[in-house]
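K.L.:
Input file: work_25.txt. Contents: compact mmCIF, C-alpha atoms.
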```txt
# COMPACT_ATOMS: atom_id res chain seq x y z
CA MET A 1 -41.10 1.86 -21.55
CA THR A 2 -41.03 -1.79 -22.61
CA VAL A 3 -38.15 -3.50 -24.38
CA ASP A 4 -40.09 -3.74 -27.62
CA GLU A 5 -41.01 -0.05 -27.45
CA LEU A 6 -37.34 0.78 -26.96
CA ALA A 7 -36.51 -1.44 -29.94
CA ARG A 8 -38.97 0.45 -32.13
CA ARG A 9 -37.45 3.77 -31.14
CA ALA A 10 -33.92 2.45 -31.65
CA GLY A 11 -34.95 1.18 -35.07
CA GLY A 12 -35.83 4.74 -35.92
CA GLY A 13 -32.34 5.91 -35.02
CA ASP A 14 -32.83 6.77 -31.34
CA GLU A 15 -29.37 6.15 -29.87
CA ASP A 16 -30.53 6.71 -26.29
CA ALA A 17 -33.14 3.98 -26.70
CA PHE A 18 -30.52 1.61 -28.03
CA ALA A 19 -28.17 2.46 -25.16
CA GLU A 20 -30.95 1.47 -22.78
CA LEU A 21 -31.44 -1.81 -24.64
CA VAL A 22 -27.73 -2.51 -24.27
CA ARG A 23 -27.88 -1.72 -20.56
CA LEU A 24 -30.81 -4.08 -20.06
CA HIS A 25 -29.28 -6.97 -21.99
CA GLU A 26 -25.51 -6.65 -21.73
CA LYS A 27 -25.09 -9.08 -18.82
CA LYS A 28 -27.22 -11.83 -20.34
CA VAL A 29 -25.65 -11.37 -23.76
CA TYR A 30 -22.15 -11.52 -22.33
CA ASN A 31 -22.93 -14.56 -20.17
CA LEU A 32 -24.39 -16.42 -23.14
CA ALA A 33 -21.34 -15.58 -25.25
CA LEU A 34 -19.01 -16.60 -22.41
CA ARG A 35 -20.74 -19.96 -21.97
CA ILE A 36 -20.27 -20.68 -25.67
CA CYS A 37 -16.80 -19.17 -26.16
CA GLY A 38 -15.27 -20.31 -22.90
CA ASN A 39 -13.06 -17.25 -22.40
CA GLN A 40 -13.66 -13.61 -21.59
CA GLU A 41 -11.87 -12.05 -24.55
CA ASP A 42 -13.83 -13.96 -27.19
CA ALA A 43 -17.05 -13.49 -25.22
CA ALA A 44 -16.56 -9.72 -25.15
CA ASP A 45 -15.87 -9.68 -28.89
CA ALA A 46 -18.95 -11.81 -29.61
CA ALA A 47 -21.16 -9.64 -27.40
CA GLN A 48 -19.95 -6.49 -29.15
CA GLU A 49 -20.55 -8.09 -32.54
CA ALA A 50 -24.06 -9.09 -31.49
CA PHE A 51 -24.95 -5.55 -30.41
CA LEU A 52 -23.46 -4.07 -33.58
CA SER A 53 -25.52 -6.53 -35.64
CA ALA A 54 -28.60 -5.55 -33.65
CA TRP A 55 -28.04 -1.82 -34.24
CA ARG A 56 -27.58 -2.39 -37.95
CA GLY A 57 -30.55 -4.71 -38.20
CA LEU A 58 -33.05 -2.81 -36.06
CA PRO A 59 -34.42 -0.65 -38.91
CA ASN A 60 -35.65 -3.89 -40.53
CA PHE A 61 -36.62 -5.63 -37.29
CA ARG A 62 -40.31 -6.59 -37.36
CA GLY A 63 -40.59 -7.73 -33.77
CA GLU A 64 -42.33 -11.01 -34.54
CA ALA A 65 -40.30 -12.95 -31.94
CA GLY A 66 -39.47 -10.04 -29.61
CA PHE A 67 -36.26 -8.06 -29.40
CA SER A 68 -34.68 -10.14 -26.62
CA THR A 69 -35.21 -13.41 -28.50
CA TRP A 70 -33.77 -11.90 -31.66
CA LEU A 71 -30.76 -10.52 -29.79
CA TYR A 72 -29.98 -13.91 -28.21
CA ARG A 73 -30.04 -15.48 -31.66
CA LEU A 74 -27.56 -12.88 -32.88
CA THR A 75 -25.41 -13.58 -29.83
CA SER A 76 -25.32 -17.35 -30.27
CA ASN A 77 -24.39 -16.95 -33.93
CA ALA A 78 -21.70 -14.38 -33.17
CA ALA A 79 -20.21 -16.55 -30.43
CA ILE A 80 -20.06 -19.64 -32.63
CA ASP A 81 -18.47 -17.63 -35.43
CA CYS A 82 -15.97 -16.20 -32.95
CA LEU A 83 -15.06 -19.70 -31.80
CA ARG A 84 -14.39 -20.80 -35.34
CA ARG A 85 -12.12 -17.81 -35.94
CA SER A 86 -10.17 -18.37 -32.73
CA ARG A 87 -8.77 -21.85 -33.21
CA ARG A 88 -5.77 -21.12 -31.08
CA ARG A 89 -8.12 -21.01 -28.07
CA ARG A 90 -10.31 -23.94 -29.06
CA GLU A 91 -9.18 -26.07 -26.11
CA GLU A 92 -10.72 -23.46 -23.80
CA ALA A 93 -14.08 -23.63 -25.57
CA SER A 94 -16.84 -24.73 -23.20
CA LEU A 95 -18.22 -27.51 -25.31
CA ASP A 96 -20.52 -30.03 -23.66
CA ASP A 97 -18.58 -33.12 -24.69
CA GLU A 98 -20.74 -35.52 -22.73
CA GLY A 99 -23.87 -34.22 -24.42
CA LEU A 100 -22.34 -34.86 -27.84
CA GLY A 101 -20.95 -38.24 -26.86
CA LEU A 102 -17.34 -37.05 -26.97
CA SER A 103 -16.27 -37.68 -23.39
CA ALA A 104 -14.44 -40.90 -24.21
CA VAL A 105 -11.91 -38.95 -26.22
CA ASP A 106 -11.67 -35.69 -24.31
CA ARG A 107 -11.29 -37.17 -20.83
CA ALA A 108 -8.67 -39.77 -21.64
CA PRO A 109 -5.43 -38.88 -19.84
CA SER A 110 -2.80 -39.67 -22.45
CA PRO A 111 -1.16 -36.87 -24.52
CA GLN A 112 -2.28 -38.57 -27.72
CA ALA A 113 -5.87 -38.70 -26.49
CA ARG A 114 -5.73 -35.04 -25.47
CA ALA A 115 -4.47 -34.13 -28.93
CA GLU A 116 -7.26 -36.18 -30.48
CA GLY A 117 -9.75 -34.41 -28.22
CA ALA A 118 -8.52 -31.00 -29.34
CA GLU A 119 -8.82 -32.04 -32.99
CA LEU A 120 -12.27 -33.41 -32.25
CA ARG A 121 -13.45 -30.13 -30.75
CA ARG A 122 -12.14 -28.28 -33.78
CA ALA A 123 -14.03 -30.63 -36.08
CA VAL A 124 -17.24 -30.24 -34.05
CA LEU A 125 -17.04 -26.44 -34.13
CA GLU A 126 -16.47 -26.46 -37.86
CA GLY A 127 -19.34 -28.90 -38.24
CA LEU A 128 -21.63 -26.59 -36.28
CA GLY A 129 -20.83 -23.87 -38.76
CA GLN A 130 -22.14 -26.03 -41.58
CA LEU A 131 -25.55 -26.57 -40.02
CA SER A 132 -28.55 -24.45 -40.95
CA GLU A 133 -29.13 -21.43 -38.73
CA ASP A 134 -32.17 -22.98 -37.04
CA HIS A 135 -30.36 -26.23 -36.29
CA ARG A 136 -27.15 -24.51 -35.15
CA GLN A 137 -29.01 -22.21 -32.77
CA ALA A 138 -31.05 -24.99 -31.20
CA LEU A 139 -28.07 -27.31 -30.73
CA ALA A 140 -25.84 -24.54 -29.38
CA LEU A 141 -28.43 -23.44 -26.83
CA ARG A 142 -28.92 -27.04 -25.69
CA GLU A 143 -25.33 -28.29 -25.67
CA LEU A 144 -23.37 -25.10 -25.02
CA GLN A 145 -25.76 -22.97 -23.00
CA GLU A 146 -27.35 -26.07 -21.37
CA LEU A 147 -30.86 -24.63 -21.60
CA SER A 148 -33.91 -26.79 -21.08
CA TYR A 149 -36.25 -27.51 -23.98
CA GLU A 150 -38.74 -25.05 -22.48
CA GLU A 151 -36.09 -22.31 -22.24
CA ILE A 152 -34.95 -22.90 -25.81
CA ALA A 153 -38.54 -22.76 -27.02
CA GLY A 154 -38.97 -19.41 -25.30
CA ALA A 155 -35.70 -18.04 -26.65
CA LEU A 156 -36.43 -19.07 -30.23
CA GLY A 157 -40.15 -18.36 -30.19
CA VAL A 158 -41.18 -21.90 -31.21
CA ASP A 159 -42.95 -24.79 -29.51
CA ILE A 160 -41.14 -27.54 -27.61
CA GLY A 161 -41.85 -30.14 -30.29
CA THR A 162 -40.09 -27.97 -32.85
CA VAL A 163 -37.12 -27.54 -30.50
CA LYS A 164 -36.76 -31.30 -30.01
CA SER A 165 -37.05 -31.92 -33.73
CA ARG A 166 -34.41 -29.30 -34.58
CA ILE A 167 -31.99 -30.65 -31.99
CA SER A 168 -32.46 -34.22 -33.19
CA ARG A 169 -31.94 -33.23 -36.81
CA ALA A 170 -28.95 -31.05 -35.87
CA ARG A 171 -27.27 -33.94 -34.06
CA SER A 172 -27.91 -36.25 -36.98
CA ALA A 173 -26.55 -33.73 -39.49
CA LEU A 174 -23.49 -33.01 -37.34
CA ARG A 175 -22.81 -36.73 -36.96
CA LYS A 176 -22.90 -37.18 -40.73
CA ILE A 177 -20.56 -34.23 -41.27
CA LEU A 178 -18.04 -35.58 -38.78
CA LEU A 179 -18.13 -39.11 -40.13
CA LYS A 180 -17.85 -37.86 -43.70
CA ASN A 181 -14.72 -35.93 -42.76
CA GLY A 182 -13.21 -38.96 -41.07
CA ASN A 183 -13.85 -37.84 -37.50
CA LEU A 184 -15.45 -39.70 -34.67
CA SER A 185 -16.36 -42.97 -36.17
CA GLY A 186 -17.32 -44.57 -32.84
CA TYR A 187 -17.41 -41.51 -30.61
CA LEU A 188 -20.71 -39.95 -31.65
CA PRO A 189 -23.62 -42.26 -30.76
CA SER A 190 -27.20 -41.72 -31.86
CA LYS A 191 -27.86 -40.13 -28.47
CA PRO A 192 -30.73 -41.90 -26.69
CA ALA A 193 -28.73 -43.10 -23.69
CA ALA A 194 -26.89 -39.82 -23.20
CA GLU A 195 -30.08 -37.84 -23.64
CA LYS A 196 -31.91 -39.85 -21.00
CA GLN A 197 -29.03 -39.45 -18.59
CA LYS A 198 -28.47 -35.72 -19.15
CA GLY A 199 -31.76 -34.40 -20.38
CA GLY A 200 -34.23 -36.11 -18.12
CA GLY A 201 -33.86 -33.63 -15.32
CA ARG A 202 -33.93 -30.53 -17.52
CA ARG A 203 -37.07 -31.06 -19.58
```
Could you quickly redo this structure as structure tokens?
P.N.:
Amino acid sequence: MTVDELARRAGGGDEDAFAELVRLHEKKVYNLALRICGNQEDAADAAQEAFLSAWRGLPNFRGEAGFSTWLYRLTSNAAIDCLRRSRRRREEASLDDEGLGLSAVDRAPSPQARAEGAELRRAVLEGLGQLSEDHRQALALRELQELSYEEIAGALGVDIGTVKSRISRARSALRKILLKNGNLSGYLPSKPAAEKQKGGGRR
């Protein structure tokens, strides 16, 4: 039985079918949540939340993008929300600082710079929460999960051009949010140099 067939049965209330879906996806869901959250406890909570959201949402699931794609979207959203709720662990969050142009702050050795880096990560996570769902998902998968454009396109069910556009717009929107709130004036470049350095080998 295929994943989508299992999803249809689970949507009709078949608990055994849903248990099989969990078995098939639990490792990937947990690993995605762990990559975003940066610690096992938050990752486990986010994974559980994603599966609960899937169970509740399956009766209305139309299957346009496929169950796996939909589940990974739920997971990325749950993990980001979990990060925002767990500020006490924000320094453990696995945020790709270089990709967002934040390495100058985070890697400086002084205590003051480390404190600024922690505040910066907090501001970035809060900023991510203010983005639209499409932009937040695309940026999180690129910067946190470190997926290639092709992988993101497959996960979100869109073409590569749409992925690049969403990521570009997400970075621009996040930059504006941070600058508006008085964060990062000089630490968040427009991206071209960093993108060429980091993204060239992953496209």
K.L.:
Just to confirm, what's the straight-line distance from CA of Gly12 (chain A) to CA of Gly66 (chain A) in Å (one decimal)?
P.N.:
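Calculated distance between CA of Gly12 (chain A) and CA of Gly66 (chain A) is 16.5 Å.
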K.L.:
Determine, counting all atoms listed in the file, which protein, DNA and RNA residues have an atom within 8 Å of an atom of region 54-63 of chain A; residues of the same chain fewer than 3 positions away are not included. Present the result as a list in words.
P.N.:
Asp4, Ala7, Arg8, Ala10, Gly11, Gly12, Gly13, Phe18, Ala50, Phe51, Gly66, Phe67, Leu71 and Leu74 of chain A
K.L.:
Quote the spacing between CA of Arg136 (chain A) and CA of Leu21 (chain A) in Å to one decimal place.
P.N.:
25.4 Å
K.L.:
Give me, please, the distance in Å between CA of Leu131 (chain A) and CA of Leu174 (chain A), quoted to one decimal.
P.N.:
7.3 Å
K.L.:
Given all atoms listed in the file as the basis, pick out the residue of A:Ile167, A:Ala138, A:Ile160, A:Leu24 nearest to Val3 (chain A).
P.N.:
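Smallest distance to Val3 (chain A) is found for A:Leu24.
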K.L.:
Here is a test: counting all atoms listed in the file, which residue of A:Ser168, A:Asn31, A:Gln40, A:Thr69 is nearest to Gly154 (chain A)?
P.N.:
A:Thr69
K.L.:
Just the residues within 8 Å of Ile152 (chain A), please, counting only C-alpha atoms, with nothing from its chain fewer than 4 positions along; format it as a list in words.
P.N.:
Ala138, Leu141, Arg142, Leu147, Ser148, Leu156, Ile160 and Val163 of chain A
K.L.:
Choose the residue, out of A:Ser76, A:Ser68, A:Thr2, A:Ser53, that has the smallest atom-to-atom separation from Cys37 (chain A); count all atoms listed in the file.
P.N.:
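Result for the nearest residue to Cys37 (chain A): A:Ser76.
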K.L.:
With 6 Å added on each side, what axis-aligned box encloses every listed atom of region 161-165 of chain A? Give the centre and edge lengths in Å to one decimal, as AutoDock Vina command-line options.
P.N.:
```
--center_x -39.3 --center_y -29.7 --center_z -31.9 --size_x 17.1 --size_y 16.4 --size_z 15.7
```
K.L.:
Closest to Asp81 (chain A) among A:Ala19, A:Ile36, A:Ala123, A:Ala65, using all atoms listed in the file?
P.N.:
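Comparing A:Ala19, A:Ile36, A:Ala123, A:Ala65 against Asp81 (chain A), the winner is A:Ile36.
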K.L.:
Which residue gives the smallest distance to Arg35 (chain A) among A:Val22, A:Met1, A:Leu144, A:Ala17, with only C-alpha atoms counted?
P.N.:
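Closest to Arg35 (chain A), using only C-alpha atoms: A:Leu144.
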K.L.:
Between A:Glu143, A:Asp134, A:Glu64, A:Asp14, single out the one closest to Arg169 (chain A), counting only C-alpha atoms.
P.N.:
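Closest residue, counting only C-alpha atoms: A:Asp134.
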K.L.:
Assuming the input is short of atoms at region 58-81 of chain A, produce N, CA, C and O atoms for that part as a short mmCIF file (atom, residue, chain, number, x, y, z; two decimals), in the coordinates of the input.
P.N.:
```cif
data_model
loop_
_atom_site.label_atom_id
_atom_site.label_comp_id
_atom_site.auth_asym_id
_atom_site.auth_seq_id
_atom_site.Cartn_x
_atom_site.Cartn_y
_atom_site.Cartn_z
N LEU A 58 -31.81 -3.31 -36.67
CA LEU A 58 -33.05 -2.81 -36.06
C LEU A 58 -33.98 -2.08 -37.03
O LEU A 58 -35.21 -2.21 -36.89
N PRO A 59 -33.48 -1.31 -37.99
CA PRO A 59 -34.42 -0.65 -38.91
C PRO A 59 -35.31 -1.64 -39.66
O PRO A 59 -36.42 -1.28 -40.07
N ASN A 60 -34.85 -2.87 -39.83
CA ASN A 60 -35.65 -3.89 -40.53
C ASN A 60 -36.26 -4.91 -39.59
O ASN A 60 -36.85 -5.89 -40.04
N PHE A 61 -36.11 -4.69 -38.28
CA PHE A 61 -36.62 -5.63 -37.29
C PHE A 61 -38.14 -5.49 -37.18
O PHE A 61 -38.66 -4.41 -36.92
N ARG A 62 -38.85 -6.60 -37.38
CA ARG A 62 -40.31 -6.59 -37.36
C ARG A 62 -40.90 -6.92 -36.01
O ARG A 62 -42.10 -6.72 -35.79
N GLY A 63 -40.10 -7.47 -35.12
CA GLY A 63 -40.59 -7.73 -33.77
C GLY A 63 -41.48 -8.94 -33.63
O GLY A 63 -42.20 -9.07 -32.64
N GLU A 64 -41.44 -9.85 -34.60
CA GLU A 64 -42.33 -11.01 -34.54
C GLU A 64 -41.99 -11.93 -33.37
O GLU A 64 -42.87 -12.54 -32.77
N ALA A 65 -40.70 -12.06 -33.03
CA ALA A 65 -40.30 -12.95 -31.94
C ALA A 65 -39.89 -12.17 -30.70
O ALA A 65 -39.53 -12.76 -29.70
N GLY A 66 -39.91 -10.85 -30.74
CA GLY A 66 -39.47 -10.04 -29.61
C GLY A 66 -37.99 -9.70 -29.73
O GLY A 66 -37.19 -10.49 -30.23
N PHE A 67 -37.64 -8.52 -29.26
CA PHE A 67 -36.26 -8.06 -29.40
C PHE A 67 -35.28 -8.96 -28.66
O PHE A 67 -34.21 -9.30 -29.18
N SER A 68 -35.61 -9.34 -27.42
CA SER A 68 -34.68 -10.14 -26.62
C SER A 68 -34.37 -11.47 -27.29
O SER A 68 -33.21 -11.90 -27.36
N THR A 69 -35.40 -12.14 -27.81
CA THR A 69 -35.21 -13.41 -28.50
C THR A 69 -34.31 -13.23 -29.71
O THR A 69 -33.39 -14.01 -29.95
N TRP A 70 -34.57 -12.19 -30.46
CA TRP A 70 -33.77 -11.90 -31.66
C TRP A 70 -32.32 -11.63 -31.28
O TRP A 70 -31.39 -12.11 -31.93
N LEU A 71 -32.11 -10.85 -30.22
CA LEU A 71 -30.76 -10.52 -29.79
C LEU A 71 -29.99 -11.76 -29.34
O LEU A 71 -28.80 -11.90 -29.64
N TYR A 72 -30.66 -12.69 -28.66
CA TYR A 72 -29.98 -13.91 -28.21
C TYR A 72 -29.60 -14.79 -29.41
O TYR A 72 -28.59 -15.48 -29.37
N ARG A 73 -30.41 -14.76 -30.44
CA ARG A 73 -30.04 -15.48 -31.66
C ARG A 73 -28.78 -14.88 -32.27
O ARG A 73 -27.87 -15.61 -32.68
N LEU A 74 -28.75 -13.56 -32.35
CA LEU A 74 -27.56 -12.88 -32.88
C LEU A 74 -26.33 -13.22 -32.04
O LEU A 74 -25.23 -13.42 -32.56
N THR A 75 -26.53 -13.29 -30.73
CA THR A 75 -25.41 -13.58 -29.83
C THR A 75 -24.88 -14.99 -30.02
O THR A 75 -23.66 -15.20 -30.09
N SER A 76 -25.77 -15.96 -30.09
CA SER A 76 -25.32 -17.35 -30.27
C SER A 76 -24.58 -17.51 -31.59
O SER A 76 -23.54 -18.18 -31.66
N ASN A 77 -25.07 -16.88 -32.63
CA ASN A 77 -24.39 -16.95 -33.93
C ASN A 77 -23.02 -16.28 -33.88
O ASN A 77 -22.04 -16.80 -34.41
N ALA A 78 -22.96 -15.11 -33.26
CA ALA A 78 -21.70 -14.38 -33.17
C ALA A 78 -20.67 -15.16 -32.35
O ALA A 78 -19.49 -15.21 -32.69
N ALA A 79 -21.13 -15.80 -31.27
CA ALA A 79 -20.21 -16.55 -30.43
C ALA A 79 -19.66 -17.78 -31.15
O ALA A 79 -18.47 -18.10 -31.04
N ILE A 80 -20.52 -18.47 -31.88
CA ILE A 80 -20.06 -19.64 -32.63
C ILE A 80 -19.08 -19.22 -33.71
O ILE A 80 -18.04 -19.85 -33.93
N ASP A 81 -19.38 -18.13 -34.41
CA ASP A 81 -18.47 -17.63 -35.43
C ASP A 81 -17.13 -17.22 -34.82
O ASP A 81 -16.06 -17.44 -35.40
#
```
